[in-house]
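Chemist: File name final-v9.pdb; file contents PDB, C-alpha atoms, pLDDT in the B column; full text below.
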```
ATOM      1  CA  MET A   1     121.487 123.087 116.303  1.00 52.00           C
ATOM      2  CA  ASN A   2     123.891 124.506 113.705  1.00 55.00           C
ATOM      3  CA  LYS A   3     125.739 121.196 113.568  1.00 49.00           C
ATOM      4  CA  LEU A   4     122.482 119.378 112.901  1.00 49.00           C
ATOM      5  CA  CYS A   5     121.625 121.750 110.047  1.00 45.00           C
ATOM      6  CA  LEU A   6     125.126 121.311 108.637  1.00 41.00           C
ATOM      7  CA  VAL A   7     124.839 117.512 108.749  1.00 43.00           C
ATOM      8  CA  ILE A   8     121.442 117.623 107.016  1.00 47.00           C
ATOM      9  CA  LEU A   9     122.771 120.005 104.362  1.00 43.00           C
ATOM     10  CA  MET A  10     125.855 117.855 103.736  1.00 43.00           C
ATOM     11  CA  THR A  11     123.698 114.750 103.461  1.00 46.00           C
ATOM     12  CA  CYS A  12     121.291 116.322 100.964  1.00 47.00           C
ATOM     13  CA  PHE A  13     123.846 118.307  98.957  1.00 43.00           C
ATOM     14  CA  PRO A  14     124.921 115.405  96.694  1.00 45.00           C
ATOM     15  CA  LEU A  15     121.295 115.036  95.610  1.00 46.00           C
ATOM     16  CA  PHE A  16     121.338 118.557  94.218  1.00 46.00           C
ATOM     17  CA  VAL A  17     124.799 118.440  92.656  1.00 48.00           C
ATOM     18  CA  SER A  18     123.948 115.666  90.197  1.00 56.00           C
ATOM     19  CA  ALA A  19     120.892 116.796  88.371  1.00 73.00           C
ATOM     20  CA  GLY A  20     120.595 115.351  84.905  1.00 90.00           C
ATOM     21  CA  GLU A  21     117.301 115.650  83.064  1.00 95.00           C
ATOM     22  CA  VAL A  22     115.277 113.078  81.171  1.00 97.00           C
ATOM     23  CA  SER A  23     112.539 113.223  78.581  1.00 97.00           C
ATOM     24  CA  ILE A  24     110.732 109.918  78.028  1.00 98.00           C
ATOM     25  CA  LYS A  25     108.450 109.241  75.086  1.00 98.00           C
ATOM     26  CA  TRP A  26     105.997 106.362  75.170  1.00 97.00           C
ATOM     27  CA  LEU A  27     104.330 104.757  72.177  1.00 97.00           C
ATOM     28  CA  ASP A  28     100.923 103.062  72.253  1.00 96.00           C
ATOM     29  CA  PHE A  29     101.017 100.354  74.923  1.00 96.00           C
ATOM     30  CA  ASN A  30      98.740  98.154  72.803  1.00 94.00           C
ATOM     31  CA  ASP A  31     101.517  97.957  70.206  1.00 96.00           C
ATOM     32  CA  TYR A  32     104.168  96.793  72.672  1.00 96.00           C
ATOM     33  CA  ARG A  33     105.037  93.090  72.562  1.00 95.00           C
ATOM     34  CA  ASP A  34     104.036  92.169  76.113  1.00 94.00           C
ATOM     35  CA  VAL A  35     102.598  94.671  78.540  1.00 93.00           C
ATOM     36  CA  ARG A  36      99.553  92.564  79.294  1.00 89.00           C
ATOM     37  CA  PRO A  37      97.917  92.852  82.689  1.00 90.00           C
ATOM     38  CA  ALA A  38      97.333  89.805  84.818  1.00 85.00           C
ATOM     39  CA  ASN A  39      94.517  90.690  87.176  1.00 83.00           C
ATOM     40  CA  GLU A  40      93.730  94.349  86.563  1.00 86.00           C
ATOM     41  CA  THR A  41      92.339  96.464  83.760  1.00 91.00           C
ATOM     42  CA  LYS A  42      94.551  97.100  80.769  1.00 93.00           C
ATOM     43  CA  GLY A  43      94.499 100.905  81.107  1.00 94.00           C
ATOM     44  CA  ALA A  44      95.340 100.865  84.818  1.00 95.00           C
ATOM     45  CA  PHE A  45      98.163  98.371  84.274  1.00 94.00           C
ATOM     46  CA  HIS A  46      99.646 100.421  81.414  1.00 97.00           C
ATOM     47  CA  LYS A  47      99.577 103.578  83.549  1.00 97.00           C
ATOM     48  CA  ARG A  48     101.207 101.722  86.444  1.00 96.00           C
ATOM     49  CA  VAL A  49     103.978 100.329  84.218  1.00 97.00           C
ATOM     50  CA  GLN A  50     104.605 103.772  82.735  1.00 97.00           C
ATOM     51  CA  ARG A  51     104.670 105.402  86.172  1.00 97.00           C
ATOM     52  CA  GLN A  52     107.021 102.770  87.615  1.00 97.00           C
ATOM     53  CA  LEU A  53     109.479 102.915  84.709  1.00 98.00           C
ATOM     54  CA  ASP A  54     109.340 106.738  84.557  1.00 97.00           C
ATOM     55  CA  LYS A  55     110.150 106.880  88.260  1.00 97.00           C
ATOM     56  CA  HIS A  56     113.006 104.400  87.868  1.00 97.00           C
ATOM     57  CA  VAL A  57     114.613 106.201  84.905  1.00 98.00           C
ATOM     58  CA  ASN A  58     114.264 109.554  86.703  1.00 97.00           C
ATOM     59  CA  LYS A  59     116.076 108.063  89.687  1.00 96.00           C
ATOM     60  CA  LEU A  60     118.901 106.814  87.445  1.00 97.00           C
ATOM     61  CA  VAL A  61     119.269 110.173  85.700  1.00 97.00           C
ATOM     62  CA  THR A  62     120.035 111.893  89.009  1.00 95.00           C
ATOM     63  CA  ARG A  63     123.474 110.250  88.658  1.00 94.00           C
ATOM     64  CA  LEU A  64     124.233 112.340  85.563  1.00 94.00           C
ATOM     65  CA  PRO A  65     126.189 115.581  85.891  1.00 93.00           C
ATOM     66  CA  HIS A  66     124.230 118.822  86.034  1.00 93.00           C
ATOM     67  CA  GLY A  67     123.105 119.995  82.616  1.00 92.00           C
ATOM     68  CA  TYR A  68     123.166 116.599  80.924  1.00 95.00           C
ATOM     69  CA  LYS A  69     119.938 115.552  79.229  1.00 96.00           C
ATOM     70  CA  LEU A  70     118.737 112.108  78.206  1.00 97.00           C
ATOM     71  CA  ASN A  71     115.990 111.852  75.593  1.00 97.00           C
ATOM     72  CA  MET A  72     114.622 108.363  75.217  1.00 98.00           C
ATOM     73  CA  THR A  73     111.748 106.495  73.605  1.00 98.00           C
ATOM     74  CA  PHE A  74     110.461 103.089  74.620  1.00 98.00           C
ATOM     75  CA  GLU A  75     109.807 101.605  71.162  1.00 98.00           C
ATOM     76  CA  ASP A  76     108.953  98.119  72.403  1.00 97.00           C
ATOM     77  CA  ILE A  77     108.545  96.438  75.764  1.00 97.00           C
ATOM     78  CA  ASP A  78     108.361  92.753  76.616  1.00 96.00           C
ATOM     79  CA  LEU A  79     108.041  92.435  80.384  1.00 95.00           C
ATOM     80  CA  ALA A  80     109.625  89.550  82.269  1.00 93.00           C
ATOM     81  CA  GLY A  81     107.287  86.586  82.489  1.00 89.00           C
ATOM     82  CA  ASP A  82     104.142  85.699  80.618  1.00 89.00           C
ATOM     83  CA  VAL A  83     100.487  86.115  81.485  1.00 88.00           C
ATOM     84  CA  ARG A  84      98.604  82.833  81.916  1.00 81.00           C
ATOM     85  CA  PHE A  85      94.913  83.062  81.321  1.00 75.00           C
ATOM     86  CA  ASN A  86      92.783  80.741  83.392  1.00 72.00           C
ATOM     87  CA  MET A  87      90.396  81.268  86.270  1.00 62.00           C
ATOM     88  CA  HIS A  88      92.769  83.802  87.852  1.00 72.00           C
ATOM     89  CA  ASP A  89      95.050  85.548  85.376  1.00 75.00           C
ATOM     90  CA  ILE A  90      98.608  85.700  86.705  1.00 81.00           C
ATOM     91  CA  ARG A  91     102.022  86.651  85.352  1.00 83.00           C
ATOM     92  CA  VAL A  92     104.292  83.631  85.578  1.00 82.00           C
ATOM     93  CA  ILE A  93     108.016  84.355  85.700  1.00 84.00           C
ATOM     94  CA  LYS A  94     110.099  81.663  83.991  1.00 86.00           C
ATOM     95  CA  SER A  95     113.548  81.878  82.453  1.00 87.00           C
ATOM     96  CA  ILE A  96     112.216  81.488  78.904  1.00 89.00           C
ATOM     97  CA  HIS A  97     110.217  84.726  79.233  1.00 90.00           C
ATOM     98  CA  PHE A  98     113.127  87.129  79.706  1.00 94.00           C
ATOM     99  CA  PRO A  99     112.684  90.932  79.788  1.00 96.00           C
ATOM    100  CA  ARG A 100     113.446  92.742  76.547  1.00 97.00           C
ATOM    101  CA  MET A 101     113.052  96.328  75.377  1.00 98.00           C
ATOM    102  CA  LYS A 102     113.824  98.389  72.316  1.00 98.00           C
ATOM    103  CA  LEU A 103     115.047 101.921  73.033  1.00 97.00           C
ATOM    104  CA  THR A 104     116.015 104.982  71.082  1.00 98.00           C
ATOM    105  CA  TYR A 105     118.078 107.431  73.120  1.00 97.00           C
ATOM    106  CA  LYS A 106     120.309 110.477  72.908  1.00 97.00           C
ATOM    107  CA  LEU A 107     122.496 111.918  75.662  1.00 95.00           C
ATOM    108  CA  THR A 108     123.564 115.557  75.413  1.00 94.00           C
ATOM    109  CA  ASN A 109     125.802 117.681  77.636  1.00 91.00           C
ATOM    110  CA  LYS A 110     125.330 121.263  78.897  1.00 90.00           C
ATOM    111  CA  ALA A 111     126.399 122.709  75.548  1.00 90.00           C
ATOM    112  CA  GLY A 112     123.873 120.562  73.686  1.00 91.00           C
ATOM    113  CA  GLU A 113     126.537 118.360  72.103  1.00 92.00           C
ATOM    114  CA  VAL A 114     125.445 114.775  71.474  1.00 93.00           C
ATOM    115  CA  LEU A 115     127.624 112.483  73.563  1.00 91.00           C
ATOM    116  CA  THR A 116     126.032 109.151  72.662  1.00 93.00           C
ATOM    117  CA  GLN A 117     122.932 107.967  70.901  1.00 95.00           C
ATOM    118  CA  ALA A 118     121.308 104.865  69.463  1.00 96.00           C
ATOM    119  CA  GLU A 119     118.352 104.100  67.249  1.00 96.00           C
ATOM    120  CA  SER A 120     116.211 101.073  68.069  1.00 95.00           C
ATOM    121  CA  LYS A 121     118.706  99.477  70.459  1.00 96.00           C
ATOM    122  CA  VAL A 122     117.448  96.140  71.758  1.00 97.00           C
ATOM    123  CA  ILE A 123     118.329  95.375  75.358  1.00 96.00           C
ATOM    124  CA  LYS A 124     117.552  92.033  76.956  1.00 94.00           C
ATOM    125  CA  ASP A 125     118.548  89.909  79.908  1.00 92.00           C
ATOM    126  CA  MET A 126     118.350  86.245  78.949  1.00 92.00           C
ATOM    127  CA  GLY A 127     119.941  85.156  82.237  1.00 87.00           C
ATOM    128  CA  PHE A 128     117.706  87.271  84.462  1.00 86.00           C
ATOM    129  CA  MET A 129     116.747  84.319  86.673  1.00 81.00           C
ATOM    130  CA  ASP A 130     120.372  83.266  87.264  1.00 86.00           C
ATOM    131  CA  ARG A 131     121.461  86.306  89.266  1.00 75.00           C
ATOM    132  CA  VAL A 132     121.013  87.186  92.905  1.00 75.00           C
ATOM    133  CA  ARG A 133     117.709  88.918  93.478  1.00 70.00           C
ATOM    134  CA  ILE A 134     117.927  91.913  95.789  1.00 73.00           C
ATOM    135  CA  GLY A 135     114.614  93.653  96.414  1.00 64.00           C
ATOM    136  CA  ARG A 136     112.688  90.826  94.796  1.00 61.00           C
ATOM    137  CA  ASP A 137     109.318  92.102  95.992  1.00 75.00           C
ATOM    138  CA  GLU A 138     109.780  95.342  94.050  1.00 83.00           C
ATOM    139  CA  VAL A 139     107.258  95.971  91.274  1.00 86.00           C
ATOM    140  CA  LEU A 140     108.738  95.170  87.824  1.00 92.00           C
ATOM    141  CA  TYR A 141     112.006  94.146  89.477  1.00 93.00           C
ATOM    142  CA  PHE A 142     113.547  92.336  86.469  1.00 93.00           C
ATOM    143  CA  ASP A 143     112.517  95.048  84.016  1.00 95.00           C
ATOM    144  CA  LYS A 144     113.955  97.804  86.190  1.00 95.00           C
ATOM    145  CA  ARG A 145     117.179  95.841  86.615  1.00 95.00           C
ATOM    146  CA  LEU A 146     117.425  95.561  82.813  1.00 96.00           C
ATOM    147  CA  ILE A 147     117.095  99.339  82.476  1.00 97.00           C
ATOM    148  CA  THR A 148     119.655  99.884  85.245  1.00 96.00           C
ATOM    149  CA  GLU A 149     122.175  97.618  83.498  1.00 95.00           C
ATOM    150  CA  TRP A 150     121.622  99.435  80.188  1.00 97.00           C
ATOM    151  CA  PHE A 151     122.075 102.789  81.936  1.00 97.00           C
ATOM    152  CA  LYS A 152     125.342 101.679  83.558  1.00 95.00           C
ATOM    153  CA  GLU A 153     126.756 100.211  80.337  1.00 93.00           C
ATOM    154  CA  ASP A 154     125.608 102.756  77.748  1.00 93.00           C
ATOM    155  CA  ILE A 155     125.244 106.017  79.651  1.00 94.00           C
ATOM    156  CA  GLU A 156     127.325 106.065  82.855  1.00 91.00           C
ATOM    157  CA  SER A 157     130.310 104.215  81.402  1.00 82.00           C
ATOM    158  CA  TYR A 158     130.421 106.714  78.520  1.00 75.00           C
ATOM    159  CA  ILE A 159     130.445 109.658  80.923  1.00 78.00           C
ATOM    160  CA  GLN A 160     133.196 108.098  83.026  1.00 65.00           C
ATOM    161  CA  GLN A 161     135.345 107.680  79.894  1.00 60.00           C
ATOM    162  CA  SER A 162     134.885 111.329  78.857  1.00 58.00           C
TER     163      SER A 162
END
```
If you convert what's in this file into structure tokens, what do you get?
Modeler:
Amino acid sequence: MNKLCLVILMTCFPLFVSAGEVSIKWLDFNDYRDVRPANETKGAFHKRVQRQLDKHVNKLVTRLPHGYKLNMTFEDIDLAGDVRFNMHDIRVIKSIHFPRMKLTYKLTNKAGEVLTQAESKVIKDMGFMDRVRIGRDEVLYFDKRLITEWFKEDIESYIQQS
């Protein structure tokens, strides 16, 4: 029994060691370039997009060391694909409709020192259809992958260099 508890504790311990924090600010979804719903109400779709991206960024921030804080604002969002309006509105994913976002962010350490920051940084993935798709049935897959790549390049790589 004690061995089982020890194994469970050792498995869960890394989750508690890395505990960065995030604060995400959202602007008016109606002002974003393309966060149009396909076959659901606009308000419900906006809430779902916000919830999905909040959850994804929170998952990424768990990789940061304890005490680090990421403040970010989604200034603009252009989801992968384009909504086609006909009898049944659908979001069509084609390579010409690549995901793109504009972010403002600031990463601080335990002492409150600014480690890295950017104002209105545009991130995009013009070759999003050319890469292997793992987890392709995931909601907002291409958009989440874009955020993950930004996080690796601009946040995690900076911490590894420090």
Chemist: Using all atoms listed in the file and a cutoff of 12 Å, can you tell me which residues are near (112.5, 93.6, 74.7) in the file's coordinates, and write them out as an MDAnalysis selection string?
Modeler: chainID A and resid 32:35 74:81 97:103 120:126 142:143 146:147
Chemist: Tell me which residues the PyMOL selection byres ((chain A and resi 66) around 10) grabs here, as a list of chain:residue names.
Modeler: A:Phe16, A:Val17, A:Ser18, A:Ala19, A:Gly20, A:Glu21, A:Val61, A:Thr62, A:Arg63, A:Leu64, A:Pro65, A:Gly67, A:Tyr68, A:Lys69, A:Asn109, A:Lys110
Chemist: Of the candidates A:Arg36, A:Arg48, A:Ala118, A:Val22, which shows the shortest atom-to-atom distance to A:Leu60, using only C-alpha atoms?
Modeler: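 Distance minimum relative to A:Leu60 lands on A:Val22.
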Chemist: Give me, as a ChimeraX atom specification, all polymer residues having an atom no more than 8 Å from A:Leu53, counting all atoms listed in the file and skipping those fewer than 4 positions away in the same chain.
Modeler: /A:49,57,144
Chemist: For each of A:Thr73, A:Thr41, A:Asn30, A:Thr104, take the minimum atom-to-atom distance to A:Thr116, counting only C-alpha atoms, then give the residue where this is smallest.
Modeler: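 Using only C-alpha atoms, the shortest distance to A:Thr116 belongs to A:Thr104.
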Chemist: Enter the distance from atom CA of A:Leu107 to atom CA of A:Asn58, in Å, rounded to one decimal.
Modeler: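 Here the two named atoms are 14.0 Å from each other.
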Chemist: List the spatial neighbours of A:Val83 as a list in words - criterion: any atom at most 12 Å away, all atoms listed in the file, same-chain residues fewer than 6 positions off excluded.
Modeler: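 The neighbour list is Asp34, Val35, Arg36, Pro37, Ala38, Asn39, Glu40, Asp89, Ile90, Arg91, Val92, Ile93, Lys94 and His97 of chain A.
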Chemist: Check the smallest atom-to-atom distance from each of A:Met72, A:Met129, A:Leu140, A:Ala44 to A:Trp26 using only C-alpha atoms, then report the winner.
Modeler: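 Among the listed residues, the smallest separation from A:Trp26 belongs to A:Met72.
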